[in-house]
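See below for protein-v1.pdb, which holds PDB, C-alpha atoms and all ligand atoms.
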```pdb
MODEL        1
ATOM      1  CA  MET A 452     167.648 -26.696  17.954
ATOM      2  CA  THR A 453     165.707 -28.423  15.195
ATOM      3  CA  LYS A 454     167.458 -28.461  11.886
ATOM      4  CA  ARG A 455     166.127 -29.490   8.513
ATOM      5  CA  ILE A 456     168.317 -30.265   5.573
ATOM      6  CA  PHE A 457     167.402 -30.420   1.921
ATOM      7  CA  ILE A 458     168.641 -33.606   0.348
ATOM      8  CA  LEU A 459     171.164 -32.978  -2.376
ATOM      9  CA  GLY A 460     170.482 -35.071  -5.453
ATOM     10  CA  VAL A 461     173.787 -36.378  -6.736
ATOM     11  CA  SER A 462     172.872 -39.248  -8.997
ATOM     12  CA  SER A 463     170.275 -38.160 -11.532
ATOM     13  CA  LEU A 464     168.024 -35.276 -12.405
ATOM     14  CA  VAL A 465     165.107 -37.605 -13.119
ATOM     15  CA  ALA A 466     164.590 -38.346  -9.476
ATOM     16  CA  ILE A 467     165.045 -34.813  -8.240
ATOM     17  CA  SER A 468     161.378 -34.358  -7.325
ATOM     18  CA  ALA A 469     161.604 -37.315  -4.974
ATOM     19  CA  TYR A 470     164.363 -35.499  -3.130
ATOM     20  CA  ALA A 471     162.426 -32.314  -2.672
ATOM     21  CA  ALA A 472     161.331 -33.735   0.663
ATOM     22  CA  GLN A 473     162.845 -32.205   3.733
ATOM     23  CA  VAL A 474     164.398 -34.541   6.214
ATOM     24  CA  GLU A 475     164.517 -34.082   9.932
ATOM     25  CA  THR A 476     168.117 -34.719  10.957
ATOM     26  CA  SER A 477     168.130 -33.690  14.606
ATOM     27  CA  LYS A 478     167.396 -37.272  15.759
ATOM     28  CA  LEU A 479     170.176 -38.656  13.597
ATOM     29  CA  LYS A 480     172.610 -36.097  14.960
ATOM     30  CA  GLN A 481     171.549 -37.004  18.496
ATOM     31  CA  LEU A 482     172.171 -40.707  17.821
ATOM     32  CA  ALA A 483     175.510 -39.950  16.180
ATOM     33  CA  ASP A 484     176.601 -37.932  19.214
ATOM     34  CA  ILE A 485     175.621 -40.760  21.565
ATOM     35  CA  LYS A 486     177.740 -43.179  19.540
ATOM     36  CA  ILE A 487     180.720 -40.843  19.626
ATOM     37  CA  THR A 488     180.425 -40.382  23.396
ATOM     38  CA  ALA A 489     180.227 -44.156  23.952
ATOM     39  CA  TYR A 490     183.196 -44.757  21.670
ATOM     40  CA  ASN A 491     185.273 -42.020  23.327
ATOM     41  CA  HIS A 492     184.597 -43.399  26.775
ATOM     42  CA  GLN A 493     185.474 -46.953  25.765
ATOM     43  CA  LEU A 494     188.622 -45.929  23.915
ATOM     44  CA  ARG A 495     189.924 -43.729  26.717
ATOM     45  CA  THR A 496     189.402 -46.385  29.386
ATOM     46  CA  THR A 497     191.094 -49.023  27.250
ATOM     47  CA  LEU A 498     193.995 -46.765  26.294
ATOM     48  CA  GLN A 499     194.603 -45.877  29.906
ATOM     49  CA  SER A 500     194.633 -49.498  31.061
ATOM     50  CA  THR A 501     196.791 -50.491  28.086
ATOM     51  CA  ILE A 502     199.302 -47.841  29.068
ATOM     52  CA  ASP A 503     199.113 -48.752  32.780
ATOM     53  CA  LEU A 504     199.776 -52.394  31.930
ATOM     54  CA  GLY A 505     202.878 -51.463  29.980
ATOM     55  CA  THR A 506     201.457 -52.915  26.774
ATOM     56  CA  LEU A 507     202.272 -49.679  25.008
ATOM     57  CA  LYS A 508     205.934 -50.558  25.074
ATOM     58  CA  ARG A 509     205.298 -53.818  23.281
ATOM     59  CA  SER A 510     202.746 -52.969  20.685
ATOM     60  CA  VAL A 511     201.373 -49.768  19.276
ATOM     61  CA  LYS A 512     199.967 -51.675  16.356
ATOM     62  CA  GLY A 513     197.735 -53.532  18.817
ATOM     63  CA  CYS A 514     195.916 -50.250  19.332
ATOM     64  CA  GLU A 515     194.837 -50.287  15.745
ATOM     65  CA  SER A 516     192.854 -53.473  16.225
ATOM     66  CA  ILE A 517     191.465 -52.232  19.556
ATOM     67  CA  ALA A 518     190.368 -48.950  17.983
ATOM     68  CA  GLN A 519     188.981 -50.665  14.891
ATOM     69  CA  ASN A 520     187.024 -53.219  16.939
ATOM     70  CA  MET A 521     185.510 -50.446  18.988
ATOM     71  CA  LEU A 522     184.549 -48.546  15.887
ATOM     72  CA  VAL A 523     182.750 -51.625  14.603
ATOM     73  CA  GLN A 524     181.083 -52.291  17.971
ATOM     74  CA  ASN A 525     179.741 -48.765  18.168
ATOM     75  CA  GLY A 526     178.750 -48.686  14.536
ATOM     76  CA  THR A 527     175.656 -50.830  15.064
ATOM     77  CA  GLY A 528     172.142 -50.138  13.807
ATOM     78  CA  GLY A 529     173.209 -49.443  10.240
ATOM     79  CA  TRP A 530     175.806 -46.887  11.276
ATOM     80  CA  ASP A 531     179.319 -46.822   9.992
ATOM     81  CA  LEU A 532     181.785 -45.175  12.356
ATOM     82  CA  GLU A 533     185.245 -44.056  11.262
ATOM     83  CA  ARG A 534     187.971 -41.574  12.150
ATOM     84  CA  THR A 535     189.883 -39.379   9.791
ATOM     85  CA  SER A 536     192.457 -36.598   9.783
ATOM     86  CA  LEU A 537     194.404 -34.377   7.392
ATOM     87  CA  LYS A 538     197.497 -35.644   9.211
ATOM     88  CA  PHE A 539     196.614 -39.332   9.256
ATOM     89  CA  ARG A 540     198.695 -42.232  10.524
ATOM     90  CA  ASN A 541     196.861 -45.120   8.918
ATOM     91  CA  PRO A 542     196.350 -44.614   5.149
ATOM     92  CA  ASP A 543     192.967 -46.382   5.549
ATOM     93  CA  ASN A 544     191.841 -43.260   7.439
ATOM     94  CA  LYS A 545     192.644 -40.832   4.638
ATOM     95  CA  PRO A 546     189.763 -38.347   4.200
ATOM     96  CA  ASP A 547     187.805 -38.253   0.947
ATOM     97  CA  ALA A 548     187.493 -34.920  -0.893
ATOM     98  CA  TRP A 549     184.410 -33.720   1.023
ATOM     99  CA  GLU A 550     185.857 -34.789   4.378
ATOM    100  CA  ALA A 551     189.207 -33.098   3.633
ATOM    101  CA  ASN A 552     187.340 -29.905   2.817
ATOM    102  CA  GLN A 553     185.382 -30.045   6.083
ATOM    103  CA  LEU A 554     188.571 -30.743   8.049
ATOM    104  CA  LYS A 555     190.102 -27.607   6.518
ATOM    105  CA  GLN A 556     187.026 -25.606   7.552
ATOM    106  CA  PHE A 557     187.316 -27.040  11.070
ATOM    107  CA  GLN A 558     190.983 -26.029  11.176
ATOM    108  CA  LYS A 559     190.154 -22.500  10.041
ATOM    109  CA  ALA A 560     187.413 -22.122  12.659
ATOM    110  CA  TYR A 561     189.714 -23.583  15.323
ATOM    111  CA  ASP A 562     192.494 -21.141  14.364
ATOM    112  CA  ASN A 563     189.947 -18.354  14.774
ATOM    113  CA  GLY A 564     189.251 -19.466  18.331
ATOM    114  CA  LYS A 565     186.157 -21.656  17.993
ATOM    115  CA  PRO A 566     186.092 -24.451  20.619
ATOM    116  CA  ILE A 567     186.658 -27.952  19.204
ATOM    117  CA  SER A 568     183.479 -29.176  20.928
ATOM    118  CA  GLN A 569     181.479 -26.883  18.639
ATOM    119  CA  LEU A 570     182.966 -28.118  15.380
ATOM    120  CA  SER A 571     180.629 -30.463  13.536
ATOM    121  CA  VAL A 572     178.947 -30.694  10.165
ATOM    122  CA  GLU A 573     176.240 -32.869   8.594
ATOM    123  CA  ARG A 574     175.180 -33.666   5.056
ATOM    124  CA  LEU A 575     172.521 -35.670   3.264
ATOM    125  CA  THR A 576     173.028 -37.031  -0.207
ATOM    126  CA  SER A 577     170.836 -39.182  -2.375
ATOM    127  CA  VAL A 578     171.981 -42.435  -3.885
ATOM    128  CA  GLY A 579     169.561 -43.846  -6.415
ATOM    129  CA  PRO A 580     165.904 -42.894  -6.490
ATOM    130  CA  LYS A 581     164.903 -43.552  -2.887
ATOM    131  CA  LYS A 582     168.035 -43.977  -0.876
ATOM    132  CA  VAL A 583     169.774 -41.316   1.163
ATOM    133  CA  VAL A 584     173.057 -41.186   3.043
ATOM    134  CA  TYR A 585     173.434 -39.114   6.187
ATOM    135  CA  LYS A 586     176.993 -38.165   7.027
ATOM    136  CA  TYR A 587     178.097 -36.457  10.211
ATOM    137  CA  MET A 588     181.565 -35.240  11.149
ATOM    138  CA  LYS A 589     182.634 -34.153  14.617
ATOM    139  CA  ALA A 590     186.057 -32.797  15.534
ATOM    140  CA  ILE A 591     188.442 -34.721  17.819
ATOM    141  CA  GLU A 592     190.581 -32.990  20.423
ATOM    142  CA  ALA A 593     194.007 -34.211  21.567
ATOM    143  CA  GLU A 594     194.048 -35.094  25.279
ATOM    144  CA  PRO A 595     197.076 -35.826  27.471
ATOM    145  CA  VAL A 596     196.595 -39.626  27.173
ATOM    146  CA  CYS A 597     196.743 -39.358  23.367
ATOM    147  CA  LEU A 598     200.200 -37.821  23.446
ATOM    148  CA  ASN A 599     201.701 -41.193  24.412
ATOM    149  CA  CYS A 600     201.343 -42.106  20.744
ATOM    150  CA  HIS A 601     200.628 -38.782  19.004
ATOM    151  CA  GLY A 602     202.880 -36.341  20.897
ATOM    152  CA  SER A 603     206.383 -35.121  20.295
ATOM    153  CA  ASN A 604     208.161 -36.624  23.273
ATOM    154  CA  MET A 605     207.310 -40.306  23.097
ATOM    155  CA  LEU A 606     209.019 -43.460  24.344
ATOM    156  CA  ASP A 607     211.726 -44.799  22.009
ATOM    157  CA  THR A 608     209.845 -48.067  21.761
ATOM    158  CA  VAL A 609     206.749 -46.186  20.593
ATOM    159  CA  ASN A 610     208.734 -44.241  18.001
ATOM    160  CA  GLU A 611     210.319 -47.449  16.731
ATOM    161  CA  ASN A 612     206.987 -49.229  16.662
ATOM    162  CA  LEU A 613     205.357 -46.400  14.750
ATOM    163  CA  ALA A 614     208.213 -46.183  12.246
ATOM    164  CA  LEU A 615     207.930 -49.908  11.633
ATOM    165  CA  ASN A 616     204.156 -50.055  11.197
ATOM    166  CA  TYR A 617     203.361 -46.621   9.741
ATOM    167  CA  PRO A 618     206.326 -45.427   7.685
ATOM    168  CA  ASN A 619     204.395 -42.363   6.471
ATOM    169  CA  ASP A 620     202.911 -41.430   9.848
ATOM    170  CA  LYS A 621     201.704 -37.821   9.949
ATOM    171  CA  ALA A 622     199.798 -38.058  13.246
ATOM    172  CA  ILE A 623     202.547 -36.938  15.634
ATOM    173  CA  GLY A 624     203.704 -33.705  17.258
ATOM    174  CA  TYR A 625     200.356 -32.833  18.869
ATOM    175  CA  LYS A 626     199.863 -30.951  22.132
ATOM    176  CA  ALA A 627     196.863 -31.358  24.445
ATOM    177  CA  GLY A 628     194.006 -29.219  23.163
ATOM    178  CA  ASP A 629     195.035 -29.471  19.499
ATOM    179  CA  LEU A 630     192.568 -30.354  16.775
ATOM    180  CA  MET A 631     193.472 -33.883  15.614
ATOM    181  CA  GLY A 632     190.842 -34.894  13.131
ATOM    182  CA  ALA A 633     187.230 -35.953  13.144
ATOM    183  CA  PHE A 634     184.816 -38.793  13.616
ATOM    184  CA  VAL A 635     182.879 -39.654  10.498
ATOM    185  CA  LEU A 636     179.501 -41.310  10.981
ATOM    186  CA  LYS A 637     177.456 -42.563   8.089
ATOM    187  CA  LYS A 638     174.018 -44.043   7.848
ATOM    188  CA  SER A 639     172.338 -44.957   4.599
ATOM    189  CA  SER A 640     168.707 -45.842   4.434
ATOM    190  CA  ALA A 641     165.535 -45.741   2.389
ATOM    191  CA  LEU A 642     164.178 -42.200   2.152
ATOM    192  CA  ASP A 643     160.969 -43.165   3.977
ATOM    193  CA  ASN A 644     162.894 -44.260   7.065
ATOM    194  CA  PHE A 645     164.492 -40.878   7.522
ATOM    195  CA  ILE A 646     161.317 -38.844   7.642
TER
HETATM  196  C1  LIG B 701     198.703 -46.604  22.276
HETATM  197  C2  LIG B 701     198.872 -45.697  21.172
HETATM  198  C3  LIG B 701     197.785 -44.707  20.866
HETATM  199  C4  LIG B 701     197.180 -43.841  21.724
HETATM  200  C5  LIG B 701     197.408 -43.670  23.221
HETATM  201  C6  LIG B 701     196.241 -43.079  20.914
HETATM  202  N1  LIG B 701     196.324 -43.456  19.613
HETATM  203 FE1  LIG B 701     195.338 -42.609  18.046
HETATM  204  N2  LIG B 701     196.119 -43.995  16.807
HETATM  205  C7  LIG B 701     197.029 -44.960  17.171
HETATM  206  C8  LIG B 701     197.272 -45.821  16.040
HETATM  207  C9  LIG B 701     198.220 -47.029  16.029
HETATM  208  C10 LIG B 701     196.475 -45.324  14.980
HETATM  209  C11 LIG B 701     196.389 -45.854  13.564
HETATM  210  C12 LIG B 701     195.497 -47.057  13.531
HETATM  211  C13 LIG B 701     194.029 -46.768  13.508
HETATM  212  O1  LIG B 701     193.493 -46.540  12.454
HETATM  213  O2  LIG B 701     193.412 -46.808  14.585
HETATM  214  C14 LIG B 701     195.750 -44.183  15.505
HETATM  215  C15 LIG B 701     194.861 -43.431  14.777
HETATM  216  C16 LIG B 701     194.178 -42.337  15.240
HETATM  217  C17 LIG B 701     193.241 -41.545  14.458
HETATM  218  C18 LIG B 701     192.777 -41.808  13.022
HETATM  219  C19 LIG B 701     193.497 -41.026  11.995
HETATM  220  C20 LIG B 701     194.893 -41.573  11.725
HETATM  221  O3  LIG B 701     195.844 -40.875  12.128
HETATM  222  O4  LIG B 701     195.020 -42.655  11.153
HETATM  223  C21 LIG B 701     192.776 -40.565  15.281
HETATM  224  C22 LIG B 701     191.808 -39.464  14.919
HETATM  225  C23 LIG B 701     193.395 -40.770  16.567
HETATM  226  N3  LIG B 701     194.251 -41.853  16.508
HETATM  227  C24 LIG B 701     193.140 -39.998  17.679
HETATM  228  C25 LIG B 701     193.547 -40.337  18.955
HETATM  229  C26 LIG B 701     193.079 -39.665  20.155
HETATM  230  C27 LIG B 701     192.097 -38.501  20.182
HETATM  231  C28 LIG B 701     193.684 -40.270  21.210
HETATM  232  C29 LIG B 701     193.482 -40.000  22.672
HETATM  233  C30 LIG B 701     192.132 -40.081  23.188
HETATM  234  C31 LIG B 701     194.568 -41.314  20.665
HETATM  235  N4  LIG B 701     194.454 -41.322  19.310
HETATM  236  C32 LIG B 701     195.382 -42.117  21.429
HETATM  237  C33 LIG B 701     197.626 -45.103  18.393
HETATM  238  C34 LIG B 701     197.252 -44.453  19.540
ENDMDL
END
```
Using structure tokens, write down the structure from this file.
Amino acid sequence: MTKRIFILGVSSLVAISAYAAQVETSKLKQLADIKITAYNHQLRTTLQSTIDLGTLKRSVKGCESIAQNMLVQNGTGGWDLERTSLKFRNPDNKPDAWEANQLKQFQKAYDNGKPISQLSVERLTSVGPKKVVYKYMKAIEAEPVCLNCHGSNMLDTVNENLALNYPNDKAIGYKAGDLMGAFVLKKSSALDNFI
């Protein structure tokens, strides 16, 4: 389905006429979804082999650098790829006000029976006279492999490792199928490039 979004002017009223343009976002959403799929695939394969190799017992923190590297790798072409959650483990992943609001909406929809795969939201904002930022959030579902480090019945070594590295960890106690958080993809560009 083709979707058009009006750009929200956030910086100044002077430039509002420049933002009256409508921007086609379906291509951006498509690209964002491709990046998420690639990232998911890469992360899952690596997590599984990490666990199979027994590395999990030695270092949970190592997963942070693996996950972060993958986020950077998949965030090419001017994209910035992150993950966030209301119950975050790493304080660097704390949602901003808009993201927290969207995560609450996701949670509400999920509680009302909407499938996680259908939870996403997009937004365009203007920064300066001719620059726009596209932001896309897509919900993340807990899978069995995730519960090794986000479940409620984890190895002692994992619990110890988490306590040591993330003293305020909120990202535990999940079951498979739970809503865990969301991917956040951002792309900023000149207005002309978006149309
Ligand atoms: C080997 C341990 C491990 C496994 C398995 C694992 N994670 Fe994590 N996860 C972490 C660590 C450590 C962090 C915090 C570091 C970071 O920012 O990546 C984290 C962070 C996250 C975050 C970012 C929000 C936050 O809490 O900081 C999300 C979302 C997330 N994990 C989802 C998943 C999903 C979904 C899976 C399964 C596909 C998964 N994790 C599997 C260790 C793991």
message = If we count all atoms listed in the file and set the cut-off at 9 Å, which residues sit around Lys545 in chain A, ignoring sequence neighbours fewer than 4 positions away in its own chain? Please answer as a list in words.
response =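 Here the answer would be Arg534, Thr535, Ser536, Leu537, Lys538, Phe539, Arg540, Asn541 and Ala551 of chain A.
The smallest atom-to-atom distance between ligand LIG 701 (chain B) and any of A:Val635, A:Val583, A:Ile567, A:Ile502, using all atoms listed in the file, is found for A:Ile502.
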request  = Record the distance separating atom C33 of ligand LIG 701 (chain B) and CA of Lys586 in chain A, expressed in Å with one decimal.
outcome  = 24.6 Å
Given 5 Å on each side, where is the centre and what are the edge lengths in Å to one decimal of the axis-aligned box enclosing the listed atoms of range 602-613 of chain A, as JSON?
```
{"center_x": 207.3, "center_y": -42.2, "center_z": 19.5, "size_x": 18.8, "size_y": 24.1, "size_z": 19.6}
```
query = Can you list, as a PyMOL selection string, the residues that the PyMOL selection byres (((chain A and resi 638) around 7) and not hetatm) selects here?
reply = chain A and resi 529-531+584-586+636-637+639-640
request  = Evaluate the PyMOL selection byres (((chain A and resi 556) around 12) and not hetatm) and record the selected residues as a list in words, following the chain and residue labels used in the document.
outcome  = Leu537, Trp549, Glu550, Ala551, Asn552, Gln553, Leu554, Lys555, Phe557, Gln558, Lys559, Ala560, Tyr561, Asp562, Asn563, Lys565, Ile567, Leu570, Ser571, Val572, Met588, Lys589, Ala590, Leu630, Gly632 and Ala633 of chain A
note = Pairwise distance, CA of Ser577 in chain A with CA of Thr476 in chain A, equals 14.3 Å
Complete the atom set of range 562-597 of chain A to N, CA and C atoms and return it as a short mmCIF file (atom, residue, chain, number, x, y, z; two decimals), in the coordinates of the input.
```
data_model
loop_
_atom_site.label_atom_id
_atom_site.label_comp_id
_atom_site.auth_asym_id
_atom_site.auth_seq_id
_atom_site.Cartn_x
_atom_site.Cartn_y
_atom_site.Cartn_z
N ASP A 562 191.46 -22.19 14.35
CA ASP A 562 192.49 -21.14 14.36
C ASP A 562 191.90 -19.78 14.74
N ASN A 563 190.61 -19.61 14.42
CA ASN A 563 189.95 -18.35 14.77
C ASN A 563 189.33 -18.38 16.17
N GLY A 564 189.64 -19.43 16.93
CA GLY A 564 189.25 -19.47 18.33
C GLY A 564 187.98 -20.22 18.66
N LYS A 565 187.38 -20.91 17.69
CA LYS A 565 186.16 -21.66 17.99
C LYS A 565 186.51 -22.93 18.76
N PRO A 566 185.78 -23.24 19.86
CA PRO A 566 186.09 -24.45 20.62
C PRO A 566 185.87 -25.72 19.78
N ILE A 567 186.74 -26.70 19.97
CA ILE A 567 186.66 -27.95 19.20
C ILE A 567 185.30 -28.63 19.40
N SER A 568 184.77 -28.52 20.63
CA SER A 568 183.48 -29.18 20.93
C SER A 568 182.34 -28.62 20.06
N GLN A 569 182.55 -27.47 19.47
CA GLN A 569 181.48 -26.88 18.64
C GLN A 569 181.68 -27.11 17.15
N LEU A 570 182.69 -27.90 16.80
CA LEU A 570 182.97 -28.12 15.38
C LEU A 570 182.33 -29.42 14.90
N SER A 571 181.25 -29.29 14.14
CA SER A 571 180.63 -30.46 13.54
C SER A 571 179.91 -30.03 12.27
N VAL A 572 179.64 -31.00 11.42
CA VAL A 572 178.95 -30.69 10.16
C VAL A 572 178.15 -31.92 9.75
N GLU A 573 177.03 -31.72 9.06
CA GLU A 573 176.24 -32.87 8.59
C GLU A 573 175.81 -32.64 7.16
N ARG A 574 175.54 -33.74 6.47
CA ARG A 574 175.18 -33.67 5.06
C ARG A 574 174.29 -34.85 4.69
N LEU A 575 173.35 -34.59 3.81
CA LEU A 575 172.52 -35.67 3.26
C LEU A 575 172.71 -35.71 1.76
N THR A 576 172.95 -36.90 1.25
CA THR A 576 173.03 -37.03 -0.21
C THR A 576 172.12 -38.17 -0.64
N SER A 577 171.68 -38.11 -1.86
CA SER A 577 170.84 -39.18 -2.38
C SER A 577 171.68 -40.14 -3.20
N VAL A 578 171.34 -41.41 -3.07
CA VAL A 578 171.98 -42.44 -3.88
C VAL A 578 170.85 -43.24 -4.50
N GLY A 579 170.69 -43.16 -5.79
CA GLY A 579 169.56 -43.85 -6.42
C GLY A 579 168.27 -43.12 -6.09
N PRO A 580 167.16 -43.64 -6.60
CA PRO A 580 165.90 -42.89 -6.49
C PRO A 580 165.39 -42.70 -5.06
N LYS A 581 165.56 -43.68 -4.20
CA LYS A 581 164.90 -43.55 -2.89
C LYS A 581 165.83 -43.82 -1.71
N LYS A 582 167.11 -43.69 -1.96
CA LYS A 582 168.04 -43.98 -0.88
C LYS A 582 168.84 -42.73 -0.54
N VAL A 583 169.00 -42.48 0.76
CA VAL A 583 169.77 -41.32 1.16
C VAL A 583 170.89 -41.72 2.13
N VAL A 584 171.95 -40.94 2.12
CA VAL A 584 173.06 -41.19 3.04
C VAL A 584 173.25 -39.96 3.92
N TYR A 585 173.18 -40.18 5.21
CA TYR A 585 173.43 -39.11 6.19
C TYR A 585 174.88 -39.24 6.63
N LYS A 586 175.59 -38.15 6.60
CA LYS A 586 176.99 -38.16 7.03
C LYS A 586 177.21 -37.06 8.05
N TYR A 587 177.88 -37.40 9.12
CA TYR A 587 178.10 -36.46 10.21
C TYR A 587 179.57 -36.49 10.60
N MET A 588 180.17 -35.31 10.71
CA MET A 588 181.56 -35.24 11.15
C MET A 588 181.67 -34.41 12.42
N LYS A 589 182.45 -34.89 13.36
CA LYS A 589 182.63 -34.15 14.62
C LYS A 589 184.12 -34.14 14.97
N ALA A 590 184.62 -32.97 15.30
CA ALA A 590 186.06 -32.80 15.53
C ALA A 590 186.55 -33.55 16.77
N ILE A 591 187.80 -33.99 16.72
CA ILE A 591 188.44 -34.72 17.82
C ILE A 591 189.57 -33.88 18.40
N GLU A 592 189.57 -33.79 19.73
CA GLU A 592 190.58 -32.99 20.42
C GLU A 592 191.66 -33.88 21.03
N ALA A 593 192.91 -33.46 20.95
CA ALA A 593 194.01 -34.21 21.57
C ALA A 593 193.97 -34.02 23.08
N GLU A 594 194.02 -35.14 23.81
CA GLU A 594 194.05 -35.09 25.28
C GLU A 594 195.40 -35.63 25.74
N PRO A 595 195.75 -35.38 27.01
CA PRO A 595 197.08 -35.83 27.47
C PRO A 595 197.35 -37.31 27.18
N VAL A 596 196.36 -38.18 27.38
CA VAL A 596 196.60 -39.63 27.17
C VAL A 596 196.98 -39.93 25.71
N CYS A 597 196.49 -39.14 24.80
CA CYS A 597 196.74 -39.36 23.37
C CYS A 597 198.21 -39.12 23.01
#
```
